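Pasting work23.cif here (mmCIF, C-alpha atoms):
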```cif
data_structure
#
loop_
_atom_site.label_atom_id
_atom_site.label_comp_id
_atom_site.auth_asym_id
_atom_site.auth_seq_id
_atom_site.Cartn_x
_atom_site.Cartn_y
_atom_site.Cartn_z
CA LEU G 9 0.00 0.00 0.00
CA ASP G 10 1.30 3.42 -0.83
CA ASP G 11 0.91 6.40 1.41
CA HIS G 12 -2.35 7.57 -0.13
CA ASP G 13 -3.97 4.13 -0.22
CA LEU G 14 -3.14 3.43 3.40
CA LEU G 15 -4.50 6.78 4.52
CA THR G 16 -7.71 6.22 2.52
CA ARG G 17 -8.16 2.78 4.03
CA LEU G 18 -7.52 4.03 7.55
CA LYS G 19 -9.95 6.91 7.11
CA SER G 20 -12.66 4.58 5.85
CA GLU G 21 -12.09 2.30 8.87
CA ILE G 22 -12.22 5.01 11.50
CA ALA G 23 -14.90 7.23 9.92
CA PRO G 24 -17.87 5.24 11.34
CA ASP G 25 -16.44 5.63 14.85
CA LEU G 26 -15.32 9.22 14.88
CA ALA G 27 -17.44 10.46 17.76
CA THR G 28 -16.04 13.01 20.15
CA VAL G 29 -14.20 11.37 23.04
CA GLN G 30 -13.35 12.91 26.37
CA PRO G 31 -9.73 12.37 27.37
CA LEU G 32 -9.43 10.24 30.48
CA PRO G 33 -8.92 12.19 33.70
CA ALA G 34 -5.48 11.97 35.26
CA PRO G 35 -4.77 8.64 37.03
CA GLY G 36 -4.59 10.38 40.40
CA LEU G 37 -8.15 11.67 39.98
CA ARG G 38 -9.48 8.35 38.75
CA ALA G 39 -7.90 6.59 41.71
CA LEU G 40 -10.21 8.61 43.96
CA TRP G 41 -13.00 6.26 42.89
CA LEU G 42 -11.34 3.74 45.17
CA LEU G 43 -11.61 6.13 48.09
CA ALA G 44 -15.30 6.66 47.33
CA ALA G 45 -15.88 2.90 47.18
CA TRP G 46 -13.93 2.43 50.41
CA VAL G 47 -16.00 5.05 52.25
CA VAL G 48 -19.25 3.46 51.05
CA LEU G 49 -18.11 -0.03 52.04
CA ALA G 50 -16.80 1.18 55.41
CA GLY G 51 -20.13 2.89 56.10
CA GLY G 52 -22.07 -0.22 55.10
CA LEU G 53 -19.84 -2.44 57.20
CA PHE G 54 -20.22 -0.17 60.21
CA MET G 55 -24.00 -0.18 59.90
CA VAL G 56 -24.20 -3.96 59.54
CA LEU G 57 -21.47 -5.16 61.90
CA GLY G 58 -20.67 -2.13 64.06
CA SER G 59 -17.16 -1.07 65.07
CA ARG G 60 -14.57 -3.47 66.46
CA GLN G 61 -15.23 -4.49 70.05
CA ASP G 62 -11.82 -3.54 71.37
CA VAL G 63 -11.84 0.03 70.06
CA GLU G 64 -11.50 1.43 73.60
CA VAL G 65 -8.44 -0.70 74.30
CA LEU G 66 -6.73 0.18 71.02
CA GLY G 67 -7.77 3.82 70.84
CA PRO G 68 -8.87 5.67 67.67
CA TRP G 69 -5.46 5.75 66.03
CA ARG G 70 -4.80 2.01 66.16
CA SER G 71 -8.37 1.00 65.42
CA VAL G 72 -9.27 3.48 62.65
CA GLY G 73 -6.17 5.54 61.87
CA PHE G 74 -4.16 2.53 60.73
CA SER G 75 -6.90 1.60 58.28
CA LEU G 76 -6.72 5.11 56.84
CA VAL G 77 -2.95 4.79 56.45
CA GLU G 78 -3.44 1.53 54.57
CA VAL G 79 -6.09 2.95 52.31
CA ALA G 80 -3.87 5.94 51.54
CA PHE G 81 -1.27 3.50 50.27
CA CYS G 82 -3.96 1.71 48.26
CA LEU G 83 -4.71 4.98 46.49
CA GLY G 84 -1.04 5.29 45.58
CA LEU G 85 -0.96 1.72 44.26
CA PHE G 86 -4.14 2.29 42.30
CA ARG G 87 -2.76 5.47 40.81
CA ILE G 88 0.44 3.77 39.70
CA GLY G 89 -1.59 0.88 38.28
CA LEU G 90 -3.77 3.28 36.30
CA ARG G 91 -0.68 5.00 34.91
CA PHE G 92 0.25 1.66 33.38
CA SER G 93 -2.95 1.85 31.32
CA ILE G 94 -1.89 5.12 29.67
CA PRO G 95 0.70 4.75 26.88
CA ALA G 96 3.97 6.53 27.66
CA MET G 97 2.84 7.22 31.20
CA ALA G 98 3.67 3.88 32.77
CA GLY G 99 6.52 4.04 35.18
CA SER G 100 9.28 1.50 35.31
CA LEU G 101 8.92 -1.95 36.82
CA SER G 102 11.13 -0.87 39.70
CA THR G 103 8.67 1.93 40.54
CA ALA G 104 5.86 -0.61 40.68
CA LEU G 105 7.96 -2.93 42.82
CA VAL G 106 8.84 -0.15 45.25
CA TRP G 107 5.15 0.69 45.69
CA VAL G 108 4.18 -2.93 46.23
CA ALA G 109 7.00 -3.40 48.72
CA GLY G 110 5.96 -0.18 50.46
CA ALA G 111 2.36 -1.36 50.71
CA LEU G 112 3.42 -4.70 52.16
CA LEU G 113 5.65 -2.91 54.63
CA VAL G 114 2.79 -0.67 55.74
CA HIS G 115 0.60 -3.73 56.16
CA ILE G 116 3.27 -5.44 58.27
CA VAL G 117 3.95 -2.36 60.40
CA VAL G 118 0.27 -1.69 61.00
CA ASN G 119 -0.41 -5.27 62.03
CA TRP G 120 2.76 -5.44 64.09
CA ALA G 121 1.70 -2.36 66.01
CA THR G 122 -1.59 -3.98 66.97
CA LEU G 123 -0.35 -7.54 67.35
CA GLU G 124 -1.61 -9.30 70.50
CA ARG G 125 -2.98 -5.99 71.80
CA SER G 126 -6.60 -7.03 71.80
CA ALA G 127 -7.99 -8.82 74.82
CA LEU G 128 -10.22 -10.81 72.50
CA SER G 129 -9.24 -14.09 70.86
CA PRO G 130 -11.08 -16.36 68.46
CA PRO G 131 -13.33 -18.80 70.33
CA ALA G 132 -11.32 -21.79 71.58
CA GLY G 133 -11.54 -24.70 69.19
CA HIS G 134 -12.87 -22.46 66.44
CA GLU G 135 -9.66 -20.68 65.50
CA TRP G 136 -9.51 -22.18 62.04
CA ARG G 137 -13.15 -21.54 61.34
CA THR G 138 -12.79 -17.93 62.47
CA ALA G 139 -9.68 -17.49 60.36
CA LEU G 140 -11.44 -18.91 57.33
CA ALA G 141 -14.45 -16.67 57.92
CA CYS G 142 -12.22 -13.58 58.07
CA LEU G 143 -10.26 -14.69 55.01
CA SER G 144 -13.48 -15.19 53.09
CA ALA G 145 -14.89 -11.85 54.22
CA ILE G 146 -11.77 -9.94 53.19
CA THR G 147 -11.62 -11.80 49.88
CA LEU G 148 -15.25 -10.98 49.22
CA LEU G 149 -14.69 -7.33 50.12
CA SER G 150 -11.65 -7.17 47.84
CA LEU G 151 -13.78 -8.07 44.83
CA ALA G 152 -15.37 -4.61 44.90
CA PRO G 153 -12.12 -2.61 44.50
CA LEU G 154 -10.84 -5.25 42.11
CA ALA G 155 -13.91 -4.90 39.89
CA LEU G 156 -13.60 -1.13 40.10
CA GLY G 157 -9.95 -1.41 39.10
CA PHE G 158 -10.80 -3.55 36.08
CA VAL G 159 -13.47 -1.11 34.95
CA LEU G 160 -11.08 1.83 35.22
CA LEU G 161 -8.23 -0.07 33.56
CA SER G 162 -10.44 -1.25 30.72
CA ARG G 163 -10.90 2.36 29.62
CA GLY G 164 -7.18 2.64 29.01
CA LEU G 165 -4.71 0.61 27.01
CA LEU G 166 -2.95 -2.07 28.99
CA THR G 167 0.56 -2.05 27.65
CA ARG G 168 2.06 -4.05 30.55
CA LEU G 169 -0.19 -6.57 32.15
CA LEU G 170 1.97 -8.06 34.90
CA PRO G 171 2.68 -4.93 36.96
CA VAL G 172 -0.94 -3.85 36.57
CA ILE G 173 -2.18 -7.18 37.94
CA VAL G 174 0.11 -7.07 40.93
CA LEU G 175 -0.54 -3.40 41.70
CA THR G 176 -4.32 -3.66 41.38
CA GLY G 177 -4.47 -7.00 43.18
CA VAL G 178 -2.39 -5.87 46.15
CA ALA G 179 -4.27 -2.54 46.31
CA SER G 180 -7.61 -4.35 46.36
CA GLY G 181 -6.47 -6.82 49.01
CA LEU G 182 -5.03 -4.08 51.18
CA ALA G 183 -8.15 -1.94 50.81
CA ALA G 184 -10.33 -4.89 51.83
CA GLU G 185 -8.05 -5.71 54.76
CA SER G 186 -8.11 -2.11 55.93
CA LEU G 187 -11.91 -2.29 55.86
CA TRP G 188 -12.14 -5.58 57.72
CA ARG G 189 -9.76 -4.50 60.48
CA LEU G 190 -12.34 -1.81 61.33
CA HIS G 191 -14.51 -4.69 62.48
CA CYS G 192 -12.31 -7.71 63.27
CA PRO G 193 -11.05 -7.58 66.89
CA TYR G 194 -8.60 -10.49 66.73
CA SER G 195 -4.96 -9.60 66.78
CA ASN G 196 -3.21 -12.86 67.59
CA TRP G 197 -0.42 -13.44 65.09
CA SER G 198 -1.72 -16.70 63.62
CA HIS G 199 -5.07 -15.09 62.81
CA VAL G 200 -3.49 -11.95 61.38
CA LEU G 201 -0.98 -13.89 59.29
CA LEU G 202 -3.45 -16.38 57.88
CA SER G 203 -6.56 -14.27 57.41
CA HIS G 204 -5.44 -10.70 57.02
CA SER G 205 -2.07 -11.08 55.30
CA GLY G 206 -3.22 -14.14 53.38
CA ALA G 207 -6.09 -12.14 51.96
CA LEU G 208 -3.63 -9.91 50.11
CA VAL G 209 -2.64 -12.86 47.95
CA VAL G 210 -6.13 -13.89 46.83
CA PRO G 211 -6.98 -10.74 44.82
CA VAL G 212 -3.61 -11.00 43.04
CA LEU G 213 -4.50 -14.56 42.04
CA VAL G 214 -7.99 -13.50 40.94
CA ALA G 215 -6.51 -10.60 38.96
CA SER G 216 -3.96 -12.95 37.38
CA ALA G 217 -6.69 -15.34 36.28
CA ALA G 218 -8.68 -12.43 34.82
CA ALA G 219 -5.57 -11.11 33.07
CA MET G 220 -4.81 -14.49 31.54
CA TRP G 221 -8.36 -14.62 30.27
CA VAL G 222 -8.03 -11.13 28.79
CA ARG G 223 -4.71 -12.03 27.18
CA HIS G 224 -6.18 -15.21 25.73
CA ARG G 225 -9.05 -13.24 24.24
CA ARG G 226 -6.66 -10.82 22.60
CA VAL Z 25 5.63 19.83 12.93
CA THR Z 26 6.19 20.93 16.51
CA GLU Z 27 5.05 19.03 19.56
CA GLN Z 28 2.53 21.79 20.27
CA GLU Z 29 1.03 21.43 16.79
CA LEU Z 30 0.79 17.68 17.25
CA SER Z 31 -0.89 18.23 20.60
CA ASP Z 32 -3.42 20.56 18.97
CA LEU Z 33 -4.05 18.00 16.24
CA MET Z 34 -4.67 15.32 18.88
CA ALA Z 35 -7.12 17.59 20.70
CA ALA Z 36 -9.00 18.20 17.43
CA TYR Z 37 -8.93 14.48 16.65
CA GLN Z 38 -10.47 13.70 20.04
CA GLN Z 39 -13.23 16.11 19.04
CA GLY Z 40 -13.93 13.97 15.97
CA ASP Z 41 -12.02 15.95 13.32
CA ILE Z 42 -10.92 13.53 10.58
CA GLY Z 43 -8.71 16.23 9.07
CA ALA Z 44 -6.73 16.20 12.30
CA PHE Z 45 -6.24 12.46 11.91
CA GLU Z 46 -4.87 13.08 8.44
CA GLY Z 47 -2.49 15.68 9.83
CA LEU Z 48 -1.30 13.28 12.50
CA TYR Z 49 -0.86 10.53 9.96
CA ARG Z 50 1.25 12.71 7.66
CA SER Z 51 3.40 13.96 10.52
CA LEU Z 52 3.95 10.65 12.26
CA ARG Z 53 4.01 8.07 9.49
CA PRO Z 54 7.69 8.39 8.44
CA ARG Z 55 9.02 8.09 11.97
CA LEU Z 56 6.61 5.31 12.87
CA GLN Z 57 7.47 3.40 9.71
CA GLY Z 58 11.17 3.62 10.59
CA TYR Z 59 10.57 2.60 14.18
CA LEU Z 60 8.38 -0.36 13.29
CA SER Z 61 10.79 -1.50 10.57
CA MET Z 62 13.54 -1.44 13.14
CA LEU Z 63 11.47 -3.45 15.63
CA ALA Z 64 10.07 -5.96 13.16
CA ARG Z 65 13.16 -6.21 10.91
CA SER Z 66 10.80 -6.69 7.98
CA SER Z 67 9.32 -4.06 5.67
CA SER Z 68 6.11 -5.91 4.88
CA GLN Z 69 5.51 -6.70 8.54
CA ALA Z 70 6.21 -3.07 9.40
CA ASP Z 71 3.52 -1.99 6.92
CA ASP Z 72 0.96 -4.21 8.64
CA LEU Z 73 2.05 -2.96 12.03
CA LEU Z 74 1.85 0.64 10.87
CA GLN Z 75 -1.74 0.18 9.82
CA GLU Z 76 -2.59 -1.57 13.08
CA THR Z 77 -0.80 1.16 15.05
CA PHE Z 78 -3.00 3.87 13.56
CA LEU Z 79 -6.11 1.79 14.21
CA GLN Z 80 -5.00 1.20 17.80
CA LEU Z 81 -4.24 4.90 18.12
CA HIS Z 82 -7.83 5.55 17.07
CA ARG Z 83 -9.27 3.04 19.54
CA SER Z 84 -7.12 4.44 22.34
CA ARG Z 85 -7.41 8.13 21.51
CA ARG Z 86 -9.10 8.86 24.82
CA THR Z 87 -5.87 7.79 26.59
CA TYR Z 88 -4.05 10.81 25.21
CA LEU Z 89 -4.05 13.35 28.01
CA PRO Z 90 -4.00 16.94 26.70
CA GLY Z 91 -0.73 18.73 27.24
CA ARG Z 92 1.39 15.61 27.28
CA PRO Z 93 3.87 14.90 24.46
CA VAL Z 94 2.22 13.15 21.51
CA VAL Z 95 5.21 11.39 19.96
CA PRO Z 96 6.16 9.18 22.95
CA TRP Z 97 2.47 8.32 23.36
CA VAL Z 98 2.22 7.20 19.72
CA PHE Z 99 5.52 5.31 19.87
CA ALA Z 100 4.38 3.51 23.03
CA ILE Z 101 1.25 2.40 21.17
CA ALA Z 102 3.38 1.26 18.21
CA ARG Z 103 5.59 -0.74 20.55
CA HIS Z 104 2.55 -2.31 22.18
CA VAL Z 105 1.18 -3.28 18.75
CA HIS Z 106 4.54 -4.83 17.87
CA LEU Z 107 4.66 -6.83 21.11
CA MET Z 108 1.08 -8.03 20.64
CA ASP Z 109 1.99 -9.12 17.14
CA LEU Z 110 5.04 -11.01 18.42
CA ARG Z 111 2.91 -12.76 21.01
CA LYS Z 112 0.29 -13.66 18.45
CA ARG Z 113 2.89 -15.07 16.11
CA ALA Z 114 4.44 -17.09 18.90
CA ARG Z 115 1.03 -18.46 19.82
CA LEU Z 116 0.25 -19.41 16.27
CA ARG Z 117 3.69 -21.00 15.93
CA ARG Z 118 4.49 -18.87 12.93
CA ARG Z 119 7.97 -18.04 14.12
CA GLU Z 120 9.50 -20.49 11.67
CA ILE Z 121 8.04 -18.67 8.70
CA VAL Z 122 10.82 -16.55 7.31
CA SER Z 123 9.79 -13.51 5.38
CA ASP Z 124 11.12 -13.28 1.85
CA ASP Z 125 11.47 -9.52 1.82
CA PRO Z 126 14.93 -8.18 2.69
CA ALA Z 127 15.45 -6.66 6.11
CA PRO Z 128 14.85 -2.90 5.94
CA GLU Z 129 17.69 -0.48 6.42
CA MET Z 130 18.05 0.63 9.98
CA PRO Z 131 18.20 4.35 10.74
CA VAL Z 132 21.81 5.41 11.33
CA PRO Z 133 22.70 7.83 14.13
CA PRO Z 134 24.30 10.97 12.63
CA GLU Z 135 27.27 10.57 15.01
CA ALA Z 136 28.09 7.23 13.36
CA GLU Z 137 27.50 8.16 9.74
CA GLY Z 138 31.09 9.13 9.03
CA LEU Z 139 32.60 6.09 10.70
CA ALA Z 140 32.06 3.57 7.91
CA ASP Z 141 30.25 2.99 4.66
CA ARG Z 142 26.52 2.30 4.55
CA GLU Z 143 26.80 -1.48 4.37
CA ARG Z 144 29.20 -1.78 7.31
CA LEU Z 145 27.08 0.58 9.37
CA GLN Z 146 24.02 -1.57 8.76
CA ARG Z 147 25.94 -4.72 9.69
CA ALA Z 148 27.23 -3.09 12.85
CA LEU Z 149 23.78 -1.87 13.85
CA GLY Z 150 22.48 -5.39 13.33
CA GLN Z 151 24.95 -6.66 15.93
CA LEU Z 152 23.64 -4.42 18.71
CA PRO Z 153 21.26 -5.90 21.30
CA ALA Z 154 17.62 -4.98 20.57
CA ASP Z 155 17.20 -2.83 23.70
CA GLN Z 156 20.35 -0.82 22.94
CA ILE Z 157 19.53 -0.22 19.30
CA GLU Z 158 16.07 0.96 20.28
CA ALA Z 159 17.45 3.49 22.74
CA VAL Z 160 20.18 4.62 20.32
CA THR Z 161 17.71 5.15 17.48
CA LEU Z 162 15.10 6.91 19.57
CA HIS Z 163 17.66 9.29 21.06
CA HIS Z 164 20.25 9.84 18.34
CA VAL Z 165 18.03 9.57 15.25
CA TRP Z 166 14.64 10.88 16.32
CA GLY Z 167 15.79 13.18 19.09
CA PHE Z 168 13.79 11.74 21.99
CA THR Z 169 14.91 12.91 25.40
CA PHE Z 170 15.83 10.15 27.85
CA GLN Z 171 12.71 11.04 29.81
CA GLU Z 172 10.62 10.42 26.69
CA ILE Z 173 12.42 7.16 25.91
CA GLY Z 174 11.78 6.02 29.47
CA ALA Z 175 8.09 6.87 29.13
CA THR Z 176 7.82 5.11 25.76
CA LEU Z 177 9.60 1.94 26.83
CA GLY Z 178 8.40 1.84 30.44
CA ILE Z 179 11.88 2.15 31.92
CA ARG Z 180 13.61 4.78 34.01
CA ALA Z 181 15.22 7.72 32.20
CA VAL Z 182 18.60 6.78 33.61
CA THR Z 183 18.23 3.24 32.22
CA ALA Z 184 17.40 4.69 28.81
CA LYS Z 185 20.51 6.84 29.02
CA VAL Z 186 22.69 3.88 29.93
CA ARG Z 187 21.29 1.80 27.06
CA ALA Z 188 21.84 4.58 24.53
CA PHE Z 189 25.35 5.23 25.82
CA ARG Z 190 26.32 1.56 25.78
CA GLY Z 191 24.77 1.12 22.35
CA MET Z 192 26.77 3.99 20.86
CA ARG Z 193 29.95 2.79 22.56
CA ARG Z 194 29.42 -0.74 21.27
CA LEU Z 195 28.66 0.56 17.77
CA LYS Z 196 31.89 2.53 17.75
CA GLU Z 197 33.78 -0.49 19.06
CA ILE Z 198 32.42 -2.71 16.30
CA LEU Z 199 33.20 -0.16 13.63
CA GLY Z 200 36.58 0.61 15.14
CA ALA Z 201 37.53 -3.07 15.28
CA GLY Z 202 36.81 -3.47 11.61
CA LEU Z 203 38.72 -0.41 10.49
#
```
Could you spell out this file's structure in structure tokens?
Amino acid sequence: LDDHDLLTRLKSEIAPDLATVQPLPAPGLRALWLLAAWVVLAGGLFMVLGSRQDVEVLGPWRSVGFSLVEVAFCLGLFRIGLRFSIPAMAGSLSTALVWVAGALLVHIVVNWATLERSALSPPAGHEWRTALACLSAITLLSLAPLALGFVLLSRGLLTRLLPVIVLTGVASGLAAESLWRLHCPYSNWSHVLLSHSGALVVPVLVASAAAMWVRHRR
Amino acid sequence: VTEQELSDLMAAYQQGDIGAFEGLYRSLRPRLQGYLSMLARSSSQADDLLQETFLQLHRSRRTYLPGRPVVPWVFAIARHVHLMDLRKRARLRRREIVSDDPAPEMPVPPEAEGLADRERLQRALGQLPADQIEAVTLHHVWGFTFQEIGATLGIRAVTAKVRAFRGMRRLKEILGAGL
């Protein structure tokens, strides 16, 4: 095809779909959808389950403030993930890795600071069942930010799938964990490690499965 | 065409102006053709990729954020199209199929033009690792800043700089060794 032929062909292909499009808002602005979703979910959770029972022992900072710190990091992760869906705006892999490592560190520090501080423990003999219930609840909660992430990402162009999966998956898991710790009063290390930290992995796996499906469809 | 003019064309294109698309096509085609030829190492394949790049550009036009540089955005889309094509070929097990058309000439950095004749320069460029030749070409031939190369390739600016530097050094070594 010569220059003129190619241009003619391209014009005929794009002409039927030449509607006005609004440029996407900046990733930082779009990431605020996560905050909105988090506030709605936190409100709903509070109305249904109430606040955690040991809030007086922990104080407002450890019971609520730490969740806000975690969700702030989620916003950062979400923002970086959304940048990867804009051509020539994606950062490097090392930037993504630093953010993921930072988020995991925040999760560890926050849970370390509240470890074994609660007077409450899972009912004797039901530790595993309680852990599974919490893991399931956090996983279920993480589906909301994950779905939101997919919707936002689908409006862009995913040039690098792997970092996007990890960033969005970890952000969703951390957001869900920060929500659930507003309610869950158990702070013994086995419960925290299995249910709360373990729940960070599940959204990454779900996101990976979704990404493989998307890639296969391409 | 300046970056500002390209940015204005993109804004008009997002408003549905087909004339703006034509302007973008005329301004970007030569550079894109060269870039895709370099990536694909095949003229006919580069033609297909060029067409697909402009179609992908159309589908993704909402991802251009006003005020940002147009050229790195378009090159990042072209690179994505190339990588998708590679993946598709690998999946369809078409790797073995060797194209009959001769490999296209690679763009030569002006700094290297005087170092050897055309044929030796092409041979030397062909010996560079793919990541180095990409950085060398983007910087020394098309004038991308290292920041723009980093944005296009999804690497840090300093990494882009290192790749371009090593690529030029290696190119000079190869040419120097053969002198």
At a cut-off of 7 Å, list the chain Z residues touching chain G, using all atoms listed in the file, as a PyMOL selection string. chain Z and resi 38-40+84+86-89+96-97+100-101+104+175-176+178-180
Given only C-alpha atoms as the counted atoms, nearest of G:His12, G:His199, G:His115, G:Arg137 to G:Leu182: G:His115
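Nearest to G:Val159 of all the residues G:Glu185, G:Leu213, G:Trp46, G:Thr176 is G:Thr176, counting all atoms listed in the file.
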On this structure, which residues satisfy the PyMOL selection byres ((chain G and resi 188) around 9), written as a list in words? Ala50, Leu53, Ser75, Cys142, Ala145, Ile146, Leu149, Ala183, Ala184, Glu185, Ser186, Leu187, Arg189, Leu190, His191, Cys192 and His204 of chain G
Can you turn the PyMOL selection byres ((chain G and resi 79-85) around 7) into a concrete residue list for this file, as a ChimeraX atom specification? /G:39,42,75-78,86-89,107,111,175-176,179,182-183,186
For atom CA of G:Leu105 and atom CA of G:Val174, determine how far apart the two atoms are, in Å to one decimal place.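 We find that atom CA of G:Leu105 and atom CA of G:Val174 lie 9.1 Å from each other.
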Which protein, DNA or RNA residues have an atom at most 12 Å from (18.4, 7.6, 26.9), counting only C-alpha atoms? List them as JSON, numbers by chain. {"Z": [155, 156, 157, 158, 159, 160, 161, 162, 163, 164, 165, 166, 167, 168, 169, 170, 171, 172, 173, 174, 175, 176, 177, 179, 180, 181, 182, 183, 184, 185, 186, 187, 188, 189, 190, 191, 192]}
Filtering to C-alpha atoms, could you give me those residues as a PDB file, in the coordinates of the input?
```
ATOM      1  CA  ASP Z 155      17.200  -2.830  23.700  1.00  0.00           C
ATOM      2  CA  GLN Z 156      20.350  -0.820  22.940  1.00  0.00           C
ATOM      3  CA  ILE Z 157      19.530  -0.220  19.300  1.00  0.00           C
ATOM      4  CA  GLU Z 158      16.070   0.960  20.280  1.00  0.00           C
ATOM      5  CA  ALA Z 159      17.450   3.490  22.740  1.00  0.00           C
ATOM      6  CA  VAL Z 160      20.180   4.620  20.320  1.00  0.00           C
ATOM      7  CA  THR Z 161      17.710   5.150  17.480  1.00  0.00           C
ATOM      8  CA  LEU Z 162      15.100   6.910  19.570  1.00  0.00           C
ATOM      9  CA  HIS Z 163      17.660   9.290  21.060  1.00  0.00           C
ATOM     10  CA  HIS Z 164      20.250   9.840  18.340  1.00  0.00           C
ATOM     11  CA  VAL Z 165      18.030   9.570  15.250  1.00  0.00           C
ATOM     12  CA  TRP Z 166      14.640  10.880  16.320  1.00  0.00           C
ATOM     13  CA  GLY Z 167      15.790  13.180  19.090  1.00  0.00           C
ATOM     14  CA  PHE Z 168      13.790  11.740  21.990  1.00  0.00           C
ATOM     15  CA  THR Z 169      14.910  12.910  25.400  1.00  0.00           C
ATOM     16  CA  PHE Z 170      15.830  10.150  27.850  1.00  0.00           C
ATOM     17  CA  GLN Z 171      12.710  11.040  29.810  1.00  0.00           C
ATOM     18  CA  GLU Z 172      10.620  10.420  26.690  1.00  0.00           C
ATOM     19  CA  ILE Z 173      12.420   7.160  25.910  1.00  0.00           C
ATOM     20  CA  GLY Z 174      11.780   6.020  29.470  1.00  0.00           C
ATOM     21  CA  ALA Z 175       8.090   6.870  29.130  1.00  0.00           C
ATOM     22  CA  THR Z 176       7.820   5.110  25.760  1.00  0.00           C
ATOM     23  CA  LEU Z 177       9.600   1.940  26.830  1.00  0.00           C
ATOM     24  CA  ILE Z 179      11.880   2.150  31.920  1.00  0.00           C
ATOM     25  CA  ARG Z 180      13.610   4.780  34.010  1.00  0.00           C
ATOM     26  CA  ALA Z 181      15.220   7.720  32.200  1.00  0.00           C
ATOM     27  CA  VAL Z 182      18.600   6.780  33.610  1.00  0.00           C
ATOM     28  CA  THR Z 183      18.230   3.240  32.220  1.00  0.00           C
ATOM     29  CA  ALA Z 184      17.400   4.690  28.810  1.00  0.00           C
ATOM     30  CA  LYS Z 185      20.510   6.840  29.020  1.00  0.00           C
ATOM     31  CA  VAL Z 186      22.690   3.880  29.930  1.00  0.00           C
ATOM     32  CA  ARG Z 187      21.290   1.800  27.060  1.00  0.00           C
ATOM     33  CA  ALA Z 188      21.840   4.580  24.530  1.00  0.00           C
ATOM     34  CA  PHE Z 189      25.350   5.230  25.820  1.00  0.00           C
ATOM     35  CA  ARG Z 190      26.320   1.560  25.780  1.00  0.00           C
ATOM     36  CA  GLY Z 191      24.770   1.120  22.350  1.00  0.00           C
ATOM     37  CA  MET Z 192      26.770   3.990  20.860  1.00  0.00           C
TER      38      MET Z 192
END
```
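Picture a line from atom CA of Z:Ser51 to atom CA of Z:Leu145; it runs 27.2 Å.
Between atom CA of Z:Glu135 and atom CA of Z:Ala148 there is a distance of 13.8 Å.
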Point out the residue among G:Leu202, G:Val178, G:Val65, G:Leu169 with the least atom-to-atom distance to G:Ala109, counting all atoms listed in the file.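 Looking only at the distances to G:Ala109, the closest residue turns out to be G:Val178.
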For the structure shown, which residues end up in the PyMOL selection byres ((chain Z and resi 63) around 12)? Put them as a PyMOL selection string, please? chain Z and resi 56-62+64-67+69-71+73-74+99+102-107+109-110+127-131+150+153-159+161-162
